[in-house]
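Enquirer: Structure file upload.cif (mmCIF, C-alpha atoms) right here:
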data_start
#
loop_
_atom_site.group_PDB
_atom_site.id
_atom_site.type_symbol
_atom_site.label_atom_id
_atom_site.label_comp_id
_atom_site.auth_asym_id
_atom_site.auth_seq_id
_atom_site.Cartn_x
_atom_site.Cartn_y
_atom_site.Cartn_z
ATOM 1 C CA MET A 19 109.668 -48.953 -25.569
ATOM 2 C CA ILE A 20 111.722 -45.879 -24.702
ATOM 3 C CA GLU A 21 112.239 -42.598 -26.504
ATOM 4 C CA VAL A 22 115.803 -41.821 -27.548
ATOM 5 C CA THR A 23 117.413 -39.053 -29.630
ATOM 6 C CA ARG A 24 119.772 -39.444 -32.578
ATOM 7 C CA LEU A 25 122.811 -37.189 -32.818
ATOM 8 C CA ASN A 26 121.015 -35.050 -35.395
ATOM 9 C CA GLY A 27 118.213 -34.446 -32.905
ATOM 10 C CA SER A 28 115.500 -36.684 -34.359
ATOM 11 C CA VAL A 29 113.654 -38.713 -31.766
ATOM 12 C CA PHE A 30 112.782 -42.382 -32.224
ATOM 13 C CA VAL A 31 111.407 -45.144 -30.048
ATOM 14 C CA LEU A 32 113.556 -48.120 -29.133
ATOM 15 C CA ASN A 33 112.415 -51.506 -27.890
ATOM 16 C CA ALA A 34 113.951 -51.470 -24.416
ATOM 17 C CA ASP A 35 113.545 -55.233 -24.033
ATOM 18 C CA LEU A 36 116.021 -55.814 -26.846
ATOM 19 C CA ILE A 37 118.896 -53.800 -25.369
ATOM 20 C CA GLU A 38 122.016 -55.876 -24.958
ATOM 21 C CA THR A 39 124.640 -53.289 -24.040
ATOM 22 C CA VAL A 40 124.829 -49.539 -23.607
ATOM 23 C CA GLU A 41 128.294 -48.013 -23.707
ATOM 24 C CA ALA A 42 129.721 -44.521 -23.726
ATOM 25 C CA ASN A 43 132.744 -44.071 -25.943
ATOM 26 C CA PRO A 44 131.972 -41.127 -25.387
ATOM 27 C CA ASP A 45 128.907 -41.178 -27.660
ATOM 28 C CA THR A 46 126.341 -43.525 -26.247
ATOM 29 C CA VAL A 47 126.137 -46.657 -28.398
ATOM 30 C CA VAL A 48 123.158 -48.907 -27.741
ATOM 31 C CA THR A 49 123.622 -52.435 -29.070
ATOM 32 C CA LEU A 50 120.523 -54.580 -29.447
ATOM 33 C CA LEU A 51 120.256 -58.342 -29.201
ATOM 34 C CA ASN A 52 119.881 -58.515 -32.993
ATOM 35 C CA GLY A 53 123.223 -56.767 -33.461
ATOM 36 C CA HIS A 54 121.861 -53.381 -34.558
ATOM 37 C CA ARG A 55 123.708 -50.435 -33.111
ATOM 38 C CA TYR A 56 122.283 -47.016 -32.444
ATOM 39 C CA VAL A 57 124.279 -43.932 -31.550
ATOM 40 C CA VAL A 58 122.165 -41.687 -29.317
ATOM 41 C CA LYS A 59 122.491 -38.441 -27.374
ATOM 42 C CA GLU A 60 121.283 -39.739 -24.002
ATOM 43 C CA THR A 61 123.817 -40.924 -21.446
ATOM 44 C CA PRO A 62 123.911 -44.632 -20.524
ATOM 45 C CA GLY A 63 122.458 -43.668 -17.117
ATOM 46 C CA GLU A 64 119.424 -42.007 -18.722
ATOM 47 C CA ILE A 65 118.853 -45.034 -20.935
ATOM 48 C CA MET A 66 118.952 -47.354 -17.929
ATOM 49 C CA GLU A 67 116.540 -45.161 -15.999
ATOM 50 C CA ARG A 68 114.091 -44.988 -18.874
ATOM 51 C CA ALA A 69 114.293 -48.718 -19.514
ATOM 52 C CA ALA A 70 113.726 -49.462 -15.851
ATOM 53 C CA ALA A 71 110.812 -46.981 -15.724
ATOM 54 C CA TYR A 72 109.278 -48.612 -18.805
ATOM 55 C CA ARG A 73 109.509 -52.091 -17.318
ATOM 56 C CA ALA A 74 108.128 -50.869 -14.000
ATOM 57 C CA LYS A 75 105.157 -49.354 -15.842
ATOM 58 C CA ARG A 76 104.369 -52.796 -17.232
ATOM 59 C CA GLY A 77 104.736 -54.359 -13.787
ATOM 60 C CA LEU A 78 107.899 -56.245 -14.693
ATOM 61 C CA PRO A 79 111.084 -56.468 -12.638
ATOM 62 C CA PRO A 80 113.634 -53.741 -13.576
ATOM 63 C CA SER A 81 115.670 -56.073 -15.772
ATOM 64 C CA LEU A 82 115.414 -59.433 -17.507
ATOM 65 C CA THR A 83 117.671 -61.133 -14.975
ATOM 66 C CA MET B 26 152.904 -36.485 -62.836
ATOM 67 C CA ASP B 27 152.723 -40.203 -63.465
ATOM 68 C CA LEU B 28 156.364 -41.000 -64.181
ATOM 69 C CA ALA B 29 155.664 -44.546 -65.378
ATOM 70 C CA THR B 30 153.392 -43.299 -68.167
ATOM 71 C CA ILE B 31 155.828 -40.598 -69.268
ATOM 72 C CA ILE B 32 158.888 -42.862 -69.148
ATOM 73 C CA GLY B 33 157.083 -45.726 -70.879
ATOM 74 C CA LEU B 34 155.681 -43.565 -73.650
ATOM 75 C CA SER B 35 158.980 -41.779 -74.327
ATOM 76 C CA LEU B 36 160.913 -45.045 -74.206
ATOM 77 C CA SER B 37 158.735 -46.766 -76.786
ATOM 78 C CA LEU B 38 158.565 -43.631 -78.964
ATOM 79 C CA ILE B 39 162.344 -43.156 -78.888
ATOM 80 C CA LEU B 40 163.082 -46.807 -79.598
ATOM 81 C CA VAL B 41 160.526 -47.247 -82.370
ATOM 82 C CA VAL B 42 161.258 -43.911 -84.061
ATOM 83 C CA GLY B 43 164.972 -44.515 -83.428
ATOM 84 C CA GLY B 44 164.674 -47.878 -85.131
ATOM 85 C CA ILE B 45 163.011 -46.277 -88.151
ATOM 86 C CA VAL B 46 165.615 -43.526 -88.435
ATOM 87 C CA ALA B 47 168.482 -45.976 -87.939
ATOM 88 C CA GLY B 48 167.105 -48.097 -90.768
ATOM 89 C CA GLY B 49 167.620 -45.150 -93.159
ATOM 90 C CA GLU B 50 164.621 -44.058 -95.240
ATOM 91 C CA ALA B 51 162.766 -42.267 -92.414
ATOM 92 C CA ALA B 52 160.943 -40.137 -94.981
ATOM 93 C CA ALA B 53 159.201 -43.249 -96.320
ATOM 94 C CA PHE B 54 157.340 -43.533 -93.025
ATOM 95 C CA VAL B 55 155.753 -40.093 -93.231
ATOM 96 C CA ASN B 56 152.607 -40.014 -95.299
ATOM 97 C CA LEU B 57 149.946 -37.452 -94.494
ATOM 98 C CA PRO B 58 146.932 -39.086 -96.229
ATOM 99 C CA SER B 59 147.651 -42.352 -94.387
ATOM 100 C CA MET B 60 147.758 -40.527 -91.057
ATOM 101 C CA LEU B 61 144.448 -38.852 -91.826
ATOM 102 C CA ILE B 62 142.814 -42.168 -92.692
ATOM 103 C CA THR B 63 144.043 -43.949 -89.554
ATOM 104 C CA ILE B 64 143.830 -41.246 -86.892
ATOM 105 C CA GLY B 65 140.931 -39.291 -88.355
ATOM 106 C CA GLY B 66 138.942 -42.421 -89.098
ATOM 107 C CA THR B 67 139.475 -43.855 -85.634
ATOM 108 C CA MET B 68 138.564 -40.594 -83.930
ATOM 109 C CA GLY B 69 135.370 -40.387 -85.970
ATOM 110 C CA ALA B 70 134.441 -43.952 -85.096
ATOM 111 C CA VAL B 71 135.190 -43.438 -81.388
ATOM 112 C CA ILE B 72 133.020 -40.333 -81.352
ATOM 113 C CA MET B 73 130.276 -42.352 -83.010
ATOM 114 C CA ALA B 74 130.610 -45.202 -80.516
ATOM 115 C CA ASN B 75 130.229 -43.028 -77.400
ATOM 116 C CA PRO B 76 127.735 -40.537 -76.005
ATOM 117 C CA MET B 77 128.666 -36.895 -76.533
ATOM 118 C CA ASP B 78 129.298 -35.989 -72.890
ATOM 119 C CA ARG B 79 131.770 -38.840 -72.526
ATOM 120 C CA ILE B 80 133.617 -37.660 -75.653
ATOM 121 C CA LYS B 81 133.921 -34.198 -74.124
ATOM 122 C CA LYS B 82 135.758 -35.753 -71.169
ATOM 123 C CA LEU B 83 138.272 -37.566 -73.398
ATOM 124 C CA GLY B 84 141.009 -35.001 -72.757
ATOM 125 C CA LYS B 85 140.419 -35.074 -69.023
ATOM 126 C CA ILE B 86 140.510 -38.871 -68.956
ATOM 127 C CA THR B 87 143.761 -38.934 -70.948
ATOM 128 C CA ARG B 88 145.241 -36.512 -68.408
ATOM 129 C CA ILE B 89 144.389 -38.976 -65.612
ATOM 130 C CA ALA B 90 146.612 -41.577 -67.256
ATOM 131 C CA PHE B 91 149.460 -39.074 -67.527
ATOM 132 C CA PHE B 92 149.243 -36.968 -64.385
ATOM 133 C CA SER B 93 147.425 -38.809 -61.602
ATOM 134 C CA GLN B 94 149.385 -39.898 -58.547
ATOM 135 C CA THR B 95 149.296 -43.128 -56.587
ATOM 136 C CA PRO B 96 147.183 -42.307 -53.529
ATOM 137 C CA ASP B 97 149.026 -42.017 -50.207
ATOM 138 C CA LEU B 98 147.349 -44.791 -48.243
ATOM 139 C CA VAL B 99 149.577 -44.360 -45.193
ATOM 140 C CA SER B 100 148.497 -40.747 -44.628
ATOM 141 C CA LEU B 101 144.895 -41.723 -45.249
ATOM 142 C CA VAL B 102 145.044 -44.411 -42.569
ATOM 143 C CA GLN B 103 146.613 -41.890 -40.203
ATOM 144 C CA THR B 104 143.869 -39.342 -40.903
ATOM 145 C CA ILE B 105 141.119 -41.879 -40.252
ATOM 146 C CA VAL B 106 142.801 -43.126 -37.077
ATOM 147 C CA SER B 107 143.108 -39.542 -35.839
ATOM 148 C CA PHE B 108 139.373 -39.130 -36.493
ATOM 149 C CA ALA B 109 138.718 -42.311 -34.522
ATOM 150 C CA GLU B 110 140.727 -40.901 -31.614
ATOM 151 C CA LYS B 111 138.832 -37.625 -31.751
ATOM 152 C CA ALA B 112 135.457 -39.398 -31.886
ATOM 153 C CA ARG B 113 136.523 -41.477 -28.914
ATOM 154 C CA ARG B 114 137.490 -38.401 -26.883
ATOM 155 C CA GLU B 115 134.913 -35.804 -27.895
ATOM 156 C CA GLY B 116 132.118 -37.741 -29.566
ATOM 157 C CA LEU B 117 131.091 -38.154 -33.203
ATOM 158 C CA LEU B 118 129.712 -34.634 -33.457
ATOM 159 C CA ALA B 119 133.233 -33.257 -33.010
ATOM 160 C CA LEU B 120 134.117 -34.697 -36.442
ATOM 161 C CA GLU B 121 131.730 -32.418 -38.300
ATOM 162 C CA ALA B 122 134.196 -29.529 -38.509
ATOM 163 C CA ASP B 123 137.025 -31.834 -39.669
ATOM 164 C CA ALA B 124 134.819 -33.416 -42.307
ATOM 165 C CA SER B 125 134.082 -30.088 -43.985
ATOM 166 C CA GLU B 126 137.817 -29.360 -44.210
ATOM 167 C CA LEU B 127 138.631 -32.605 -46.046
ATOM 168 C CA ASP B 128 139.691 -32.417 -49.688
ATOM 169 C CA ASP B 129 138.216 -35.785 -50.475
ATOM 170 C CA GLU B 130 134.482 -35.486 -51.109
ATOM 171 C CA PHE B 131 133.806 -39.166 -50.562
ATOM 172 C CA LEU B 132 135.378 -39.253 -47.085
ATOM 173 C CA ALA B 133 133.748 -35.934 -46.145
ATOM 174 C CA LYS B 134 130.368 -37.249 -47.224
ATOM 175 C CA SER B 135 130.730 -40.538 -45.356
ATOM 176 C CA ILE B 136 131.730 -38.776 -42.135
ATOM 177 C CA GLN B 137 128.828 -36.373 -42.561
ATOM 178 C CA LEU B 138 126.499 -39.382 -42.835
ATOM 179 C CA VAL B 139 127.894 -40.814 -39.617
ATOM 180 C CA VAL B 140 127.634 -37.470 -37.810
ATOM 181 C CA ASP B 141 124.013 -37.202 -38.909
ATOM 182 C CA GLY B 142 123.290 -40.402 -37.026
ATOM 183 C CA THR B 143 122.487 -42.525 -40.077
ATOM 184 C CA ASP B 144 122.178 -46.257 -39.382
ATOM 185 C CA PRO B 145 125.449 -48.126 -40.030
ATOM 186 C CA GLU B 146 123.756 -50.450 -42.513
ATOM 187 C CA LEU B 147 122.381 -47.522 -44.456
ATOM 188 C CA VAL B 148 125.767 -45.787 -44.444
ATOM 189 C CA LYS B 149 127.378 -48.936 -45.813
ATOM 190 C CA ALA B 150 124.685 -49.338 -48.461
ATOM 191 C CA ILE B 151 125.007 -45.721 -49.647
ATOM 192 C CA LEU B 152 128.795 -45.836 -49.805
ATOM 193 C CA ASP B 153 128.898 -49.248 -51.490
ATOM 194 C CA THR B 154 126.527 -48.012 -54.175
ATOM 195 C CA GLU B 155 128.723 -44.974 -54.670
ATOM 196 C CA ILE B 156 131.769 -47.233 -55.136
ATOM 197 C CA SER B 157 130.059 -49.481 -57.653
ATOM 198 C CA VAL B 158 128.817 -46.482 -59.659
ATOM 199 C CA LEU B 159 132.352 -45.104 -59.604
ATOM 200 C CA GLU B 160 133.729 -48.407 -60.886
ATOM 201 C CA GLU B 161 131.169 -48.448 -63.652
ATOM 202 C CA ARG B 162 132.019 -44.899 -64.681
ATOM 203 C CA HIS B 163 135.716 -45.722 -64.742
ATOM 204 C CA ALA B 164 135.045 -48.845 -66.804
ATOM 205 C CA SER B 165 133.083 -46.912 -69.409
ATOM 206 C CA ASN B 166 135.788 -44.229 -69.586
ATOM 207 C CA LYS B 167 138.406 -46.915 -70.038
ATOM 208 C CA GLY B 168 136.132 -48.463 -72.672
ATOM 209 C CA MET B 169 136.775 -45.497 -74.971
ATOM 210 C CA PHE B 170 140.455 -46.374 -75.088
ATOM 211 C CA ASP B 171 139.662 -50.048 -75.587
ATOM 212 C CA THR B 172 137.526 -49.071 -78.579
ATOM 213 C CA MET B 173 140.391 -46.952 -79.873
ATOM 214 C CA GLY B 174 142.784 -49.871 -79.429
ATOM 215 C CA GLU B 175 140.539 -52.040 -81.556
ATOM 216 C CA LEU B 176 139.786 -49.411 -84.185
ATOM 217 C CA PHE B 177 143.301 -48.122 -84.858
ATOM 218 C CA PRO B 178 144.519 -51.417 -86.400
ATOM 219 C CA ALA B 179 141.177 -51.811 -88.168
ATOM 220 C CA PHE B 180 141.462 -48.404 -89.810
ATOM 221 C CA GLY B 181 145.094 -49.184 -90.575
ATOM 222 C CA MET B 182 143.909 -52.234 -92.456
ATOM 223 C CA LEU B 183 141.275 -50.159 -94.223
ATOM 224 C CA GLY B 184 143.920 -47.660 -95.322
ATOM 225 C CA THR B 185 146.051 -50.492 -96.651
ATOM 226 C CA LEU B 186 143.126 -51.752 -98.713
ATOM 227 C CA ILE B 187 142.596 -48.272 -100.132
ATOM 228 C CA GLY B 188 146.269 -48.108 -101.003
ATOM 229 C CA LEU B 189 146.231 -51.551 -102.609
ATOM 230 C CA ILE B 190 143.219 -50.715 -104.738
ATOM 231 C CA ALA B 191 144.899 -47.557 -105.984
ATOM 232 C CA MET B 192 148.056 -49.558 -106.686
ATOM 233 C CA LEU B 193 146.312 -52.376 -108.532
ATOM 234 C CA ARG B 194 144.711 -49.897 -110.908
ATOM 235 C CA ASN B 195 148.196 -48.931 -112.062
ATOM 236 C CA LEU B 196 149.542 -52.460 -112.575
ATOM 237 C CA ASP B 197 150.667 -51.638 -116.127
ATOM 238 C CA ASP B 198 153.494 -49.568 -114.648
ATOM 239 C CA PRO B 199 155.691 -52.168 -112.884
ATOM 240 C CA GLY B 200 158.051 -49.464 -111.616
ATOM 241 C CA SER B 201 155.364 -47.934 -109.381
ATOM 242 C CA LEU B 202 154.438 -51.252 -107.745
ATOM 243 C CA GLY B 203 157.058 -51.174 -104.990
ATOM 244 C CA PRO B 204 156.482 -47.563 -103.811
ATOM 245 C CA GLY B 205 152.705 -48.042 -104.107
ATOM 246 C CA MET B 206 152.826 -51.142 -101.921
ATOM 247 C CA ALA B 207 155.002 -49.313 -99.373
ATOM 248 C CA VAL B 208 152.565 -46.412 -99.100
ATOM 249 C CA ALA B 209 149.674 -48.861 -98.750
ATOM 250 C CA LEU B 210 151.331 -50.678 -95.859
ATOM 251 C CA ILE B 211 152.133 -47.460 -93.974
ATOM 252 C CA THR B 212 148.546 -47.175 -92.734
ATOM 253 C CA THR B 213 148.748 -50.625 -91.114
ATOM 254 C CA PHE B 214 151.924 -49.410 -89.435
ATOM 255 C CA TYR B 215 150.221 -46.237 -88.167
ATOM 256 C CA GLY B 216 147.289 -48.269 -86.927
ATOM 257 C CA SER B 217 149.242 -50.735 -84.877
ATOM 258 C CA PHE B 218 151.643 -47.959 -83.765
ATOM 259 C CA MET B 219 148.837 -45.829 -82.318
ATOM 260 C CA ALA B 220 147.031 -48.813 -80.796
ATOM 261 C CA ASN B 221 150.048 -50.330 -79.095
ATOM 262 C CA ILE B 222 151.918 -47.207 -78.079
ATOM 263 C CA PHE B 223 149.015 -44.998 -77.064
ATOM 264 C CA ALA B 224 145.523 -46.508 -76.813
ATOM 265 C CA LEU B 225 146.068 -49.901 -75.174
ATOM 266 C CA PRO B 226 148.682 -48.798 -72.590
ATOM 267 C CA THR B 227 146.484 -45.818 -71.641
ATOM 268 C CA SER B 228 143.553 -48.163 -71.160
ATOM 269 C CA ALA B 229 145.647 -50.466 -68.983
ATOM 270 C CA LYS B 230 146.836 -47.501 -66.906
ATOM 271 C CA LEU B 231 143.264 -46.306 -66.405
ATOM 272 C CA ALA B 232 142.268 -49.784 -65.218
ATOM 273 C CA ALA B 233 145.123 -49.750 -62.697
ATOM 274 C CA ARG B 234 144.144 -46.260 -61.464
ATOM 275 C CA SER B 235 140.552 -47.337 -61.134
ATOM 276 C CA SER B 236 141.355 -50.352 -58.990
ATOM 277 C CA GLU B 237 143.645 -48.207 -56.815
ATOM 278 C CA GLU B 238 140.865 -45.745 -56.254
ATOM 279 C CA THR B 239 138.414 -48.511 -55.400
ATOM 280 C CA VAL B 240 140.777 -49.788 -52.709
ATOM 281 C CA VAL B 241 141.043 -46.264 -51.283
ATOM 282 C CA ARG B 242 137.263 -45.960 -51.171
ATOM 283 C CA GLU B 243 136.827 -49.350 -49.550
ATOM 284 C CA LEU B 244 139.406 -48.415 -46.943
ATOM 285 C CA MET B 245 137.435 -45.230 -46.199
ATOM 286 C CA VAL B 246 134.170 -47.143 -45.829
ATOM 287 C CA GLU B 247 135.758 -49.650 -43.476
ATOM 288 C CA GLY B 248 137.310 -46.854 -41.424
ATOM 289 C CA VAL B 249 134.185 -44.748 -41.196
ATOM 290 C CA LEU B 250 132.063 -47.728 -40.138
ATOM 291 C CA ALA B 251 134.618 -48.607 -37.459
ATOM 292 C CA ILE B 252 134.533 -45.019 -36.175
ATOM 293 C CA GLN B 253 130.756 -45.127 -36.104
ATOM 294 C CA ALA B 254 130.795 -48.374 -34.127
ATOM 295 C CA GLY B 255 132.932 -46.524 -31.575
ATOM 296 C CA GLU B 256 135.833 -48.901 -31.942
ATOM 297 C CA ASN B 257 139.155 -48.324 -30.246
ATOM 298 C CA PRO B 258 141.549 -46.319 -32.499
ATOM 299 C CA ARG B 259 144.144 -49.110 -32.236
ATOM 300 C CA ILE B 260 141.581 -51.582 -33.544
ATOM 301 C CA VAL B 261 140.579 -49.154 -36.311
ATOM 302 C CA GLU B 262 144.210 -48.947 -37.336
ATOM 303 C CA GLU B 263 144.594 -52.736 -37.358
ATOM 304 C CA LYS B 264 141.472 -53.027 -39.515
ATOM 305 C CA LEU B 265 142.753 -50.479 -42.024
ATOM 306 C CA LYS B 266 146.277 -51.881 -42.123
ATOM 307 C CA VAL B 267 144.869 -54.881 -43.947
ATOM 308 C CA PHE B 268 144.505 -52.666 -47.027
ATOM 309 C CA LEU B 269 148.168 -51.671 -47.059
ATOM 310 C CA PRO B 270 150.899 -53.602 -48.875
ATOM 311 C CA PRO B 271 153.652 -54.866 -46.503
ATOM 312 C CA GLU B 272 156.131 -52.027 -47.198
ATOM 313 C CA GLN B 273 153.514 -49.420 -46.385
ATOM 314 C CA ARG B 274 152.593 -51.204 -43.162
ATOM 315 C CA LYS B 275 156.219 -50.855 -42.124
ATOM 316 C CA GLU B 276 156.169 -47.195 -43.101
ATOM 317 C CA LEU B 277 153.086 -46.653 -40.945
ATOM 318 C CA GLU B 278 154.769 -48.275 -37.950
ATOM 319 C CA GLU B 279 157.892 -46.177 -38.498
ATOM 320 C CA ARG B 280 155.851 -42.983 -38.561
ATOM 321 C CA HIS B 281 154.268 -44.123 -35.309
ATOM 322 C CA ASP B 282 157.629 -44.638 -33.663
ATOM 323 C CA ASN B 283 158.723 -41.178 -34.821
ATOM 324 C CA GLU B 284 155.634 -39.577 -33.325
ATOM 325 C CA LYS B 285 156.111 -41.375 -30.062
ATOM 326 C CA GLY B 286 159.768 -40.318 -30.029
ATOM 327 C CA GLY B 287 158.661 -36.701 -30.520
ATOM 328 C CA GLU B 288 156.210 -36.801 -27.642
ATOM 329 C CA GLU B 289 158.626 -38.180 -25.106
#
Since I need it in another form, could you write the structure as structure tokens?
Expert:
Amino acid sequence: MIEVTRLNGSVFVLNADLIETVEANPDTVVTLLNGHRYVVKETPGEIMERAAAYRAKRGLPPSLT
Amino acid sequence: MDLATIIGLSLSLILVVGGIVAGGEAAAFVNLPSMLITIGGTMGAVIMANPMDRIKKLGKITRIAFFSQTPDLVSLVQTIVSFAEKARREGLLALEADASELDDEFLAKSIQLVVDGTDPELVKAILDTEISVLEERHASNKGMFDTMGELFPAFGMLGTLIGLIAMLRNLDDPGSLGPGMAVALITTFYGSFMANIFALPTSAKLAARSSEETVVRELMVEGVLAIQAGENPRIVEEKLKVFLPPEQRKELEERHDNEKGGEE
């Protein structure tokens, strides 16, 4: 789980294992495996770092593949 | 100004009244008590059939049928596409200033929702509810004119009965039978005149306006959701084009070509 920020500044926690794509257009849109989309303030790079850090903390390889 | 309403109303008034005048005896068609029974009676019944605050809006609703304009879908599509381009370049937050400048409250509100980072599903749910409430409100406003359309002929009939009763009481004077019968029938004429020239066409026009507005709202919802999903402006435009009738699609493409010509 990683902390991300909505455009209005509220912070919520996202299940990093469910992330399918992260794209900047230029707002960062995180698409989950279940099709939900979230527009967040963080850059795609930050999301990747946080997701990798979260998986490392659990002793998992940096990504599913 | 809704030209179709004005032209239609004047055309039927001129032809019907013209027909009466051409037939001679125009004076036989003017009878104040009959008018009072038909129009006054119907108005009373309509007021009774509706809640007070809806009655207060009757004038405003009638104006819609006479003065509202067909919405300019082409410009609307262009506005939304320009928003999509801006969101693509500068991010959703850049739309906030544009949203507050919009005349249309519905579009401004939906963009504000998107800028606030509301979930797409929630945005869709809120806007869809708004559309269905709007449709319901329009239907109940239109309902007043439907009621009028039903009641005018009914009160016309009632007036005729009143006239016939008065006439039958004087049967011993055969000379008064003809004129008495004529006066009695005038109310039926007023009733079907008012119903068919005013109430029913107005109701039909309101229904048409309502469905036009619903299409506009649905187009806005589709556009705003596409912007929120960060879709390419070209794709947004293709999505919204679906709502346009073929001639307007052509118009949109022509405006595009003109813009491109200007840039080069």
Enquirer: Tell me which residues the PyMOL selection byres ((chain B) within 12 of (chain A)) grabs here, as a ChimeraX atom specification.
Expert: /B:109-119,121,137-147,250-258
Enquirer: Name all residues at most 12 Å from range 200-209 of chain B (count all atoms listed in the file; drop same-chain ones fewer than 3 positions away) and give them as an NGL selection string.
Expert: :B and (50 or 52-60 or 62-63 or 181-197 or 212-215)
Enquirer: Closest to Met77 in chain B among B:Met169, B:Glu237, B:Leu34, B:Asp282, using only C-alpha atoms?
Expert: B:Met169
Enquirer: Separation of CA of Leu269 in chain B and CA of Val241 in chain B, in Å?
Expert: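 Separation of CA of Leu269 in chain B and CA of Val241 in chain B: 9.9 Å.
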Enquirer: Quick one: distance from CA of Met19 in chain A to CA of Tyr72 in chain A in Å, one decimal?
Expert: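 According to the coordinates, CA of Met19 in chain A and CA of Tyr72 in chain A are separated by 6.8 Å.
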Enquirer: Between CA of Thr172 in chain B and CA of Gly69 in chain B, what distance in Å does the model show, to one decimal?
Expert: 11.6 Å
Enquirer: Mind listing as a ChimeraX atom specification all residues within 12 Å of (147.9, -39.7, -50.0), counting all atoms listed in the file?
Expert: /B:93-104,128-129,237-238,241,273
Enquirer: Taking all atoms of range 27-45 of chain A that appear in the file, build a box with edges along x, y and z, extend it by 5 Å on every side, and state its centre and edge lengths in Å to one decimal, as AutoDock Vina command-line options.
Expert:
--center_x 122.1 --center_y -45.2 --center_z -29.0 --size_x 31.3 --size_y 31.4 --size_z 20.8
Enquirer: Hey, which of B:Val158, B:Leu127, B:Phe91, B:Phe108 ends up closest to Gly33 in chain B? Count all atoms listed in the file.
Expert: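 For Gly33 in chain B, the nearest of the given residues is B:Phe91.
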Enquirer: Take the PyMOL selection byres ((chain A and resi 33) around 12), run it mentally on this structure, and tell me the resulting residues as a PyMOL selection string.
Expert: chain A and resi 19-22+30-32+34-38+48-52+54+56+65+68-69+72-73
Enquirer: Taking the structure I provided as the source, export range 128-132 of chain B with all heavy atoms, as a short mmCIF file (atom, residue, chain, number, x, y, z; two decimals), in the first residue's frame.
Expert:
data_model
loop_
_atom_site.label_atom_id
_atom_site.label_comp_id
_atom_site.auth_asym_id
_atom_site.auth_seq_id
_atom_site.Cartn_x
_atom_site.Cartn_y
_atom_site.Cartn_z
N ASP B 128 -20.82 29.95 -18.73
CA ASP B 128 -22.19 30.38 -18.47
C ASP B 128 -23.04 29.22 -17.99
O ASP B 128 -23.95 29.39 -17.19
CB ASP B 128 -22.82 30.94 -19.76
CG ASP B 128 -22.15 32.22 -20.18
OD1 ASP B 128 -21.68 32.95 -19.27
OD2 ASP B 128 -22.08 32.49 -21.39
N ASP B 129 -22.72 28.04 -18.50
CA ASP B 129 -23.55 26.88 -18.20
C ASP B 129 -23.18 26.28 -16.85
O ASP B 129 -22.07 25.81 -16.65
CB ASP B 129 -23.38 25.84 -19.30
CG ASP B 129 -24.40 24.73 -19.16
OD1 ASP B 129 -24.26 23.90 -18.24
OD2 ASP B 129 -25.34 24.74 -19.95
N GLU B 130 -24.14 26.31 -15.91
CA GLU B 130 -23.86 25.85 -14.55
C GLU B 130 -23.52 24.37 -14.50
O GLU B 130 -22.66 23.94 -13.74
CB GLU B 130 -25.06 26.11 -13.66
CG GLU B 130 -24.99 27.42 -12.93
CD GLU B 130 -26.24 27.64 -12.12
OE1 GLU B 130 -26.70 26.69 -11.47
OE2 GLU B 130 -26.77 28.77 -12.15
N PHE B 131 -24.23 23.61 -15.34
CA PHE B 131 -24.03 22.16 -15.32
C PHE B 131 -22.60 21.79 -15.72
O PHE B 131 -21.92 21.02 -15.03
CB PHE B 131 -25.03 21.50 -16.27
CG PHE B 131 -25.01 20.01 -16.26
CD1 PHE B 131 -25.71 19.29 -15.32
CD2 PHE B 131 -24.28 19.32 -17.23
CE1 PHE B 131 -25.69 17.91 -15.33
CE2 PHE B 131 -24.26 17.94 -17.23
CZ PHE B 131 -24.97 17.24 -16.28
N LEU B 132 -22.12 22.39 -16.81
CA LEU B 132 -20.76 22.09 -17.29
C LEU B 132 -19.74 22.59 -16.27
O LEU B 132 -18.77 21.88 -15.95
CB LEU B 132 -20.53 22.75 -18.66
CG LEU B 132 -19.24 22.38 -19.36
CD1 LEU B 132 -19.14 20.88 -19.54
CD2 LEU B 132 -19.14 23.07 -20.70
#
